[in-house]
$ cat my_file-v8.cif   # mmCIF, C-alpha atoms
data_start
#
loop_
_atom_site.label_atom_id
_atom_site.label_comp_id
_atom_site.auth_asym_id
_atom_site.auth_seq_id
_atom_site.Cartn_x
_atom_site.Cartn_y
_atom_site.Cartn_z
CA MET X 15 154.32 86.61 -41.90
CA ALA X 16 150.74 87.32 -41.19
CA GLU X 17 149.64 90.62 -39.78
CA PRO X 18 148.76 90.91 -36.07
CA MET X 19 145.22 90.37 -34.83
CA LYS X 20 143.24 92.94 -32.95
CA ILE X 21 141.85 91.39 -29.80
CA ARG X 22 139.74 93.04 -27.15
CA ALA X 23 138.67 91.29 -23.97
CA THR X 24 136.42 93.22 -21.63
CA LEU X 25 135.04 91.95 -18.36
CA GLN X 26 131.27 91.99 -17.88
CA GLY X 27 130.46 90.52 -14.48
CA ASP X 28 132.35 87.22 -14.35
CA THR X 29 132.32 86.81 -18.12
CA ALA X 30 134.87 88.19 -20.52
CA ASP X 31 133.50 89.48 -23.80
CA VAL X 32 136.20 88.67 -26.35
CA ARG X 33 136.26 90.20 -29.81
CA ILE X 34 138.90 89.17 -32.32
CA LEU X 35 139.64 90.70 -35.68
CA MET X 36 142.06 88.73 -37.85
CA ARG X 37 143.74 89.90 -41.01
CA HIS X 38 143.43 87.29 -43.74
CA PRO X 39 142.38 87.30 -47.42
CA MET X 40 140.11 84.21 -47.01
CA GLU X 41 140.16 83.36 -50.72
CA THR X 42 137.38 80.99 -51.78
CA GLY X 43 139.31 79.50 -54.67
CA THR X 44 136.64 80.64 -57.13
CA ARG X 45 137.43 84.35 -57.46
CA LYS X 46 138.85 85.24 -60.86
CA THR X 47 141.19 88.07 -61.73
CA ALA X 48 142.89 89.03 -65.00
CA SER X 49 145.68 86.57 -64.22
CA GLY X 50 143.37 83.60 -63.54
CA VAL X 51 141.68 82.04 -60.54
CA VAL X 52 142.97 83.07 -57.12
CA PRO X 53 143.91 79.86 -55.26
CA LEU X 54 142.09 78.71 -52.15
CA HIS X 55 143.59 80.38 -49.08
CA PHE X 56 141.67 80.48 -45.82
CA ILE X 57 141.94 80.03 -42.07
CA GLN X 58 141.08 76.45 -41.13
CA SER X 59 141.43 76.49 -37.41
CA VAL X 60 141.20 79.05 -34.62
CA ILE X 61 141.96 78.21 -31.01
CA VAL X 62 141.13 80.54 -28.14
CA GLN X 63 142.79 79.88 -24.81
CA HIS X 64 142.02 81.35 -21.41
CA ASN X 65 145.10 81.22 -19.12
CA GLY X 66 146.47 78.40 -21.27
CA LYS X 67 143.25 76.34 -21.26
CA THR X 68 141.42 75.94 -24.55
CA VAL X 69 137.92 77.44 -24.39
CA LEU X 70 137.01 77.47 -28.09
CA ASP X 71 138.29 75.33 -30.94
CA ALA X 72 136.87 76.54 -34.22
CA GLN X 73 137.06 74.95 -37.64
CA TRP X 74 136.33 77.20 -40.56
CA SER X 75 135.66 76.92 -44.25
CA GLN X 76 136.36 79.44 -46.97
CA ALA X 77 132.84 80.81 -46.39
CA VAL X 78 134.01 82.94 -43.47
CA SER X 79 134.39 86.56 -44.57
CA ARG X 80 137.64 88.30 -45.42
CA ASP X 81 139.44 89.73 -42.38
CA PRO X 82 137.41 87.44 -40.11
CA PHE X 83 135.68 88.54 -36.95
CA LEU X 84 135.13 86.19 -34.05
CA GLY X 85 133.23 87.02 -30.91
CA LEU X 86 132.86 84.80 -27.88
CA ARG X 87 132.28 84.93 -24.14
CA VAL X 88 134.60 83.34 -21.60
CA LYS X 89 133.02 82.42 -18.27
CA GLY X 90 134.84 82.71 -14.97
CA ALA X 91 137.31 85.31 -16.19
CA LYS X 92 139.00 87.94 -14.03
CA ALA X 93 140.73 91.18 -14.91
CA GLY X 94 144.34 90.44 -15.82
CA ASP X 95 143.62 86.94 -17.16
CA LYS X 96 145.33 86.04 -20.40
CA ILE X 97 143.40 85.33 -23.58
CA SER X 98 145.44 83.96 -26.44
CA VAL X 99 144.28 83.29 -29.98
CA THR X 100 146.02 81.09 -32.56
CA TRP X 101 144.93 80.60 -36.14
CA THR X 102 146.26 78.24 -38.79
CA ASP X 103 145.44 78.50 -42.49
CA ASN X 104 145.36 75.88 -45.24
CA LYS X 105 148.91 76.80 -46.30
CA GLY X 106 150.24 76.10 -42.81
CA ASP X 107 150.71 79.75 -41.93
CA LYS X 108 150.13 80.53 -38.25
CA ARG X 109 149.73 83.49 -35.98
CA THR X 110 149.30 83.77 -32.21
CA ASP X 111 148.42 86.91 -30.29
CA GLU X 112 147.67 87.43 -26.63
CA VAL X 113 145.86 90.06 -24.57
CA THR X 114 144.91 90.50 -20.95
CA VAL X 115 141.31 90.88 -19.86
CA SER X 116 140.53 94.46 -18.94
CA ALA X 117 138.00 95.44 -16.30
CA GLY X 118 134.74 96.53 -17.85
CA SER X 119 132.93 99.75 -17.11
CA MET V 12 155.75 50.07 -63.80
CA LYS V 13 157.25 48.19 -60.90
CA SER V 14 159.79 50.87 -60.10
CA LEU V 15 157.05 53.47 -60.12
CA ARG V 16 155.07 51.52 -57.59
CA ARG V 17 158.16 51.11 -55.43
CA ASN V 18 158.82 54.85 -55.51
CA PHE V 19 155.26 55.53 -54.61
CA LEU V 20 155.44 53.21 -51.61
CA LYS V 21 158.63 54.84 -50.47
CA LEU V 22 157.11 58.27 -50.77
CA SER V 23 153.91 57.40 -48.93
CA GLY V 24 155.90 55.63 -46.21
CA GLY V 25 157.99 58.74 -45.73
CA ALA V 26 154.97 60.98 -45.54
CA GLY V 27 153.39 58.70 -42.96
CA ALA V 28 156.46 58.91 -40.75
CA MET V 29 156.46 62.68 -41.08
CA ALA V 30 152.83 62.89 -40.07
CA LEU V 31 153.53 60.73 -37.03
CA ALA V 32 156.44 62.92 -36.02
CA ALA V 33 154.34 66.04 -36.45
CA ALA V 34 151.55 64.54 -34.37
CA ALA V 35 153.96 63.57 -31.62
CA GLY V 36 155.41 67.09 -31.63
CA LEU V 37 152.00 68.70 -31.50
CA LEU V 38 150.79 66.54 -28.65
CA LYS V 39 153.15 68.19 -26.20
CA PRO V 40 151.22 69.33 -23.14
CA GLY V 41 150.39 72.99 -23.06
CA SER V 42 150.60 73.54 -26.78
CA ALA V 43 147.49 74.49 -28.70
CA TRP V 44 145.99 71.30 -30.05
CA ALA V 45 143.38 71.58 -32.76
CA ALA V 46 140.87 68.90 -33.60
CA PRO V 47 141.56 67.58 -37.10
CA TRP V 48 139.80 69.61 -39.75
CA ASN V 49 136.56 67.84 -40.71
CA LYS V 50 137.33 67.62 -44.44
CA SER V 51 134.36 65.48 -45.41
CA ALA V 52 131.85 67.78 -43.72
CA PHE V 53 133.40 70.96 -45.09
CA GLU V 54 133.56 69.59 -48.63
CA SER V 55 129.99 68.32 -48.70
CA LYS V 56 127.91 70.07 -51.33
CA ALA V 57 124.46 69.10 -50.12
CA VAL V 58 123.07 70.02 -46.71
CA ALA V 59 122.04 66.40 -46.06
CA ASP V 60 125.62 65.21 -46.62
CA THR V 61 126.98 68.00 -44.43
CA LEU V 62 124.71 66.92 -41.58
CA LYS V 63 125.66 63.28 -42.06
CA ASN V 64 129.38 64.10 -42.02
CA LEU V 65 128.94 66.19 -38.90
CA GLY V 66 127.30 63.18 -37.30
CA ALA V 67 124.17 65.26 -36.78
CA THR V 68 121.27 62.85 -36.95
CA ASN V 69 117.83 63.07 -35.35
CA LEU V 70 117.87 66.85 -35.32
CA ILE V 71 115.58 68.43 -32.75
CA GLU V 72 114.13 71.86 -33.50
CA SER V 73 114.87 74.04 -30.51
CA LYS V 74 113.62 77.43 -29.37
CA ASP V 75 116.63 77.75 -27.08
CA ILE V 76 118.87 78.60 -30.03
CA THR V 77 118.89 82.19 -31.22
CA ILE V 78 120.43 83.09 -34.56
CA THR V 79 121.20 86.78 -34.80
CA ALA V 80 121.57 87.73 -38.44
CA PRO V 81 120.11 90.48 -40.62
CA ASP V 82 116.82 89.81 -42.44
CA ILE V 83 118.30 91.40 -45.52
CA ALA V 84 122.05 91.40 -46.14
CA GLU V 85 123.00 93.89 -48.79
CA ASN V 86 126.49 92.50 -49.20
CA GLY V 87 126.72 88.72 -49.23
CA ALA V 88 130.47 88.91 -48.63
CA ILE V 89 129.93 90.06 -45.04
CA VAL V 90 126.90 88.64 -43.27
CA PRO V 91 127.20 88.94 -39.50
CA VAL V 92 125.89 85.79 -37.83
CA ALA V 93 125.78 85.17 -34.09
CA VAL V 94 124.45 82.02 -32.49
CA THR V 95 123.37 81.84 -28.86
CA SER V 96 122.51 78.49 -27.34
CA ARG V 97 120.80 78.38 -23.98
CA ILE V 98 120.83 74.57 -24.00
CA PRO V 99 122.89 73.35 -21.03
CA ASN V 100 126.24 71.66 -21.79
CA THR V 101 126.51 73.02 -25.31
CA GLN V 102 129.50 71.23 -26.84
CA SER V 103 129.60 72.62 -30.34
CA ILE V 104 127.91 75.10 -32.63
CA SER V 105 128.00 74.82 -36.42
CA ILE V 106 126.81 77.41 -38.90
CA ILE V 107 125.43 76.27 -42.24
CA ALA V 108 124.44 78.56 -45.12
CA GLU V 109 122.17 76.15 -46.95
CA LYS V 110 122.58 77.36 -50.52
CA ASN V 111 126.33 78.00 -50.49
CA PRO V 112 128.45 75.80 -52.79
CA PHE V 113 129.83 74.23 -49.62
CA PRO V 114 127.10 74.74 -47.01
CA LEU V 115 129.14 74.33 -43.82
CA ALA V 116 130.69 77.72 -43.02
CA ALA V 117 132.11 77.18 -39.58
CA SER V 118 132.07 74.79 -36.66
CA PHE V 119 132.98 75.75 -33.10
CA ASP V 120 133.87 73.30 -30.34
CA ILE V 121 133.16 74.77 -26.95
CA SER V 122 135.03 73.44 -23.95
CA ALA V 123 133.13 72.18 -20.93
CA GLY V 124 131.53 75.00 -18.99
CA GLY V 125 131.93 77.44 -21.86
CA GLU V 126 129.24 79.85 -22.84
CA GLY V 127 127.09 78.80 -25.81
CA TYR V 128 127.71 81.90 -27.84
CA VAL V 129 129.74 82.63 -30.95
CA SER V 130 129.63 85.50 -33.37
CA THR V 131 131.31 85.79 -36.74
CA ARG V 132 130.85 86.99 -40.30
CA VAL V 133 130.26 84.68 -43.23
CA LYS V 134 129.90 84.87 -47.00
CA MET V 135 126.63 83.92 -48.64
CA GLY V 136 126.21 83.28 -52.35
CA GLN V 137 122.47 83.89 -52.43
CA THR V 138 119.34 84.23 -50.33
CA SER V 139 118.98 81.14 -48.18
CA ASP V 140 118.32 79.75 -44.75
CA VAL V 141 121.10 79.96 -42.21
CA ARG V 142 121.00 76.90 -40.01
CA ALA V 143 122.64 76.48 -36.64
CA ILE V 144 123.43 73.01 -35.36
CA VAL V 145 124.06 72.77 -31.64
CA LYS V 146 125.44 69.64 -30.05
CA ALA V 147 124.65 69.27 -26.37
CA ASP V 148 124.97 66.10 -24.28
CA GLY V 149 125.44 64.09 -27.48
CA LYS V 150 122.13 65.29 -28.96
CA PHE V 151 121.80 67.62 -31.92
CA TYR V 152 119.52 70.64 -31.88
CA THR V 153 118.82 73.02 -34.73
CA ALA V 154 117.28 76.35 -35.64
CA VAL V 155 116.97 78.28 -38.91
CA LYS V 156 116.72 81.88 -39.99
CA GLU V 157 116.28 83.13 -43.52
CA VAL V 158 118.70 85.79 -44.76
CA LYS V 159 117.91 87.60 -47.99
CA VAL V 160 121.05 88.47 -49.93
CA THR V 161 121.01 91.36 -52.37
CA VAL V 162 124.50 90.88 -53.85
CA GLY V 163 126.12 87.45 -53.56
CA GLY V 164 129.51 87.22 -51.90
CA CYS V 165 131.06 84.12 -53.38
CA GLY V 166 132.44 85.61 -56.61
#

$ encode --input "my_file-v8.cif" --output "structure tokens"
Amino acid sequence: MAEPMKIRATLQGDTADVRILMRHPMETGTRKTASGVVPLHFIQSVIVQHNGKTVLDAQWSQAVSRDPFLGLRVKGAKAGDKISVTWTDNKGDKRTDEVTVSAGS
Amino acid sequence: MKSLRRNFLKLSGGAGAMALAAAAGLLKPGSAWAAPWNKSAFESKAVADTLKNLGATNLIESKDITITAPDIAENGAIVPVAVTSRIPNTQSISIIAEKNPFPLAASFDISAGGEGYVSTRVKMGQTSDVRAIVKADGKFYTAVKEVKVTVGGCG
């Protein structure tokens, strides 16, 4: 199973600044090692939900870097709101993690 | 020959039913529902084809789109790119690295009322323009920024 994501959601005014760090090899399908070409393996879809409502639906290619970073802003957020992130890769592997929005400084 | 064809039909019929079942399962309310992956756009090798497959025609150059990326990226494997769109009702943001083998790097659909901002890190094979395509109110806007790459990141 995939490793957990690191998600941080900090409130700035009425907007939550969300930063997500996923753990994934993001293989392009062209990298060669001694044992041949490493097969294509990358995250195809990332969905970010705010209290169960989808706010961002991303589609990715293999051109996104290894251990991908995603930053976004969610309007109308309050401290304690739930932000959940789900990714799916081209092999059908999935991972969902959830955090609560913390009050900013 | 005939039996082969029959087997093939059987197989494809089965797969179709499976896909239907999967779709029905996924459509449950409350579950995360992803838009189907835009295969044709992601597998386009020329920027013109990518744009066509994204449905992005009549591009309008816009000063309301800011691409935040380094002028010189030393490592093409990690190029931080952020796109801010101040165009009202921004529906989607796509990031295209024009000289990559497959130019379209990522596409983000933003729900109504969402903020037109995304930030991520992409790989770039060589020095090229990074293009942002913003869809707002059914129109497509664009902006470019050149990123010089010292060591390519597609190997």

$ residues_around --input "my_file-v8.cif" --residues "Ile106 (chain V)" --least-positions-apart "3" --cutoff "6 Å" --atoms "only C-alpha atoms" --output "count of residues only"
4

$ interface_residues --input "my_file-v8.cif" --of "chain X" --to "chain V" --cutoff "6 Å" --atoms "all atoms listed in the file" --output "PDB file with C-alpha atoms, keeping the file's coordinate frame"
ATOM      1  CA  ARG X  45     137.430  84.350 -57.460  1.00  0.00           C
ATOM      2  CA  VAL X  69     137.920  77.440 -24.390  1.00  0.00           C
ATOM      3  CA  LEU X  70     137.010  77.470 -28.090  1.00  0.00           C
ATOM      4  CA  ASP X  71     138.290  75.330 -30.940  1.00  0.00           C
ATOM      5  CA  ALA X  72     136.870  76.540 -34.220  1.00  0.00           C
ATOM      6  CA  GLN X  73     137.060  74.950 -37.640  1.00  0.00           C
ATOM      7  CA  TRP X  74     136.330  77.200 -40.560  1.00  0.00           C
ATOM      8  CA  SER X  75     135.660  76.920 -44.250  1.00  0.00           C
ATOM      9  CA  ALA X  77     132.840  80.810 -46.390  1.00  0.00           C
ATOM     10  CA  VAL X  78     134.010  82.940 -43.470  1.00  0.00           C
ATOM     11  CA  SER X  79     134.390  86.560 -44.570  1.00  0.00           C
ATOM     12  CA  PHE X  83     135.680  88.540 -36.950  1.00  0.00           C
ATOM     13  CA  LEU X  84     135.130  86.190 -34.050  1.00  0.00           C
ATOM     14  CA  GLY X  85     133.230  87.020 -30.910  1.00  0.00           C
ATOM     15  CA  LEU X  86     132.860  84.800 -27.880  1.00  0.00           C
TER      16      LEU X  86
END

$ closest_residue --input "my_file-v8.cif" --among "X:Val60, X:Ile21, X:Val88, X:Thr68" --to "Val113 (chain X)" --atoms "only C-alpha atoms"
X:Ile21

$ atom_distance --input "my_file-v8.cif" --atom1 "CA of Arg109 (chain X)" --atom2 "CA of Arg33 (chain X)"
16.3 Å

$ atom_distance --input "my_file-v8.cif" --atom1 "CA of Arg87 (chain X)" --atom2 "CA of Lys20 (chain X)"
16.2 Å

$ resolve_selection --input "my_file-v8.cif" --expression "the PyMOL selection byres ((chain X and resi 95) around 8)" --output "PDB file with C-alpha atoms, in the frame of the given file"
ATOM      1  CA  HIS X  64     142.020  81.350 -21.410  1.00  0.00           C
ATOM      2  CA  ASN X  65     145.100  81.220 -19.120  1.00  0.00           C
ATOM      3  CA  ALA X  91     137.310  85.310 -16.190  1.00  0.00           C
ATOM      4  CA  LYS X  92     139.000  87.940 -14.030  1.00  0.00           C
ATOM      5  CA  ALA X  93     140.730  91.180 -14.910  1.00  0.00           C
ATOM      6  CA  GLY X  94     144.340  90.440 -15.820  1.00  0.00           C
ATOM      7  CA  LYS X  96     145.330  86.040 -20.400  1.00  0.00           C
ATOM      8  CA  ILE X  97     143.400  85.330 -23.580  1.00  0.00           C
ATOM      9  CA  THR X 114     144.910  90.500 -20.950  1.00  0.00           C
ATOM     10  CA  VAL X 115     141.310  90.880 -19.860  1.00  0.00           C
TER      11      VAL X 115
END

$ residues_around --input "my_file-v8.cif" --residues "Trp101 (chain X)" --least-positions-apart "3" --cutoff "7 Å" --atoms "only C-alpha atoms" --output "PyMOL selection string"
chain X and resi 57+59-61+108-110

$ resolve_selection --input "my_file-v8.cif" --expression "the PyMOL selection byres ((chain V and resi 154) around 8)" --output "PyMOL selection string"
chain V and resi 72-74+76-78+142-144+152-153+155-156

$ write_last_selection --input "my_file-v8.cif" --atoms "C-alpha atoms" --output "short mmCIF file (atom, residue, chain, number, x, y, z; two decimals), keeping the file's coordinate frame"
data_model
loop_
_atom_site.label_atom_id
_atom_site.label_comp_id
_atom_site.auth_asym_id
_atom_site.auth_seq_id
_atom_site.Cartn_x
_atom_site.Cartn_y
_atom_site.Cartn_z
CA GLU V 72 114.13 71.86 -33.50
CA SER V 73 114.87 74.04 -30.51
CA LYS V 74 113.62 77.43 -29.37
CA ILE V 76 118.87 78.60 -30.03
CA THR V 77 118.89 82.19 -31.22
CA ILE V 78 120.43 83.09 -34.56
CA ARG V 142 121.00 76.90 -40.01
CA ALA V 143 122.64 76.48 -36.64
CA ILE V 144 123.43 73.01 -35.36
CA TYR V 152 119.52 70.64 -31.88
CA THR V 153 118.82 73.02 -34.73
CA VAL V 155 116.97 78.28 -38.91
CA LYS V 156 116.72 81.88 -39.99
#

$ resolve_selection --input "my_file-v8.cif" --expression "the PyMOL selection byres ((chain X and resi 56) around 7)" --output "ChimeraX atom specification"
/X:40-41,54-55,57-58,76,103-104

$ atom_distance --input "my_file-v8.cif" --atom1 "CA of Asp82 (chain V)" --atom2 "CA of Val162 (chain V)"
13.8 Å

$ residues_around --input "my_file-v8.cif" --residues "Arg37 (chain X)" --least-positions-apart "5" --cutoff "10 Å" --atoms "only C-alpha atoms" --output "ChimeraX atom specification"
/X:16-20,80-83

$ residues_around --input "my_file-v8.cif" --residues "Ala147 (chain V)" --least-positions-apart "4" --cutoff "7 Å" --atoms "all atoms listed in the file" --output "ChimeraX atom specification"
/V:98-102,151
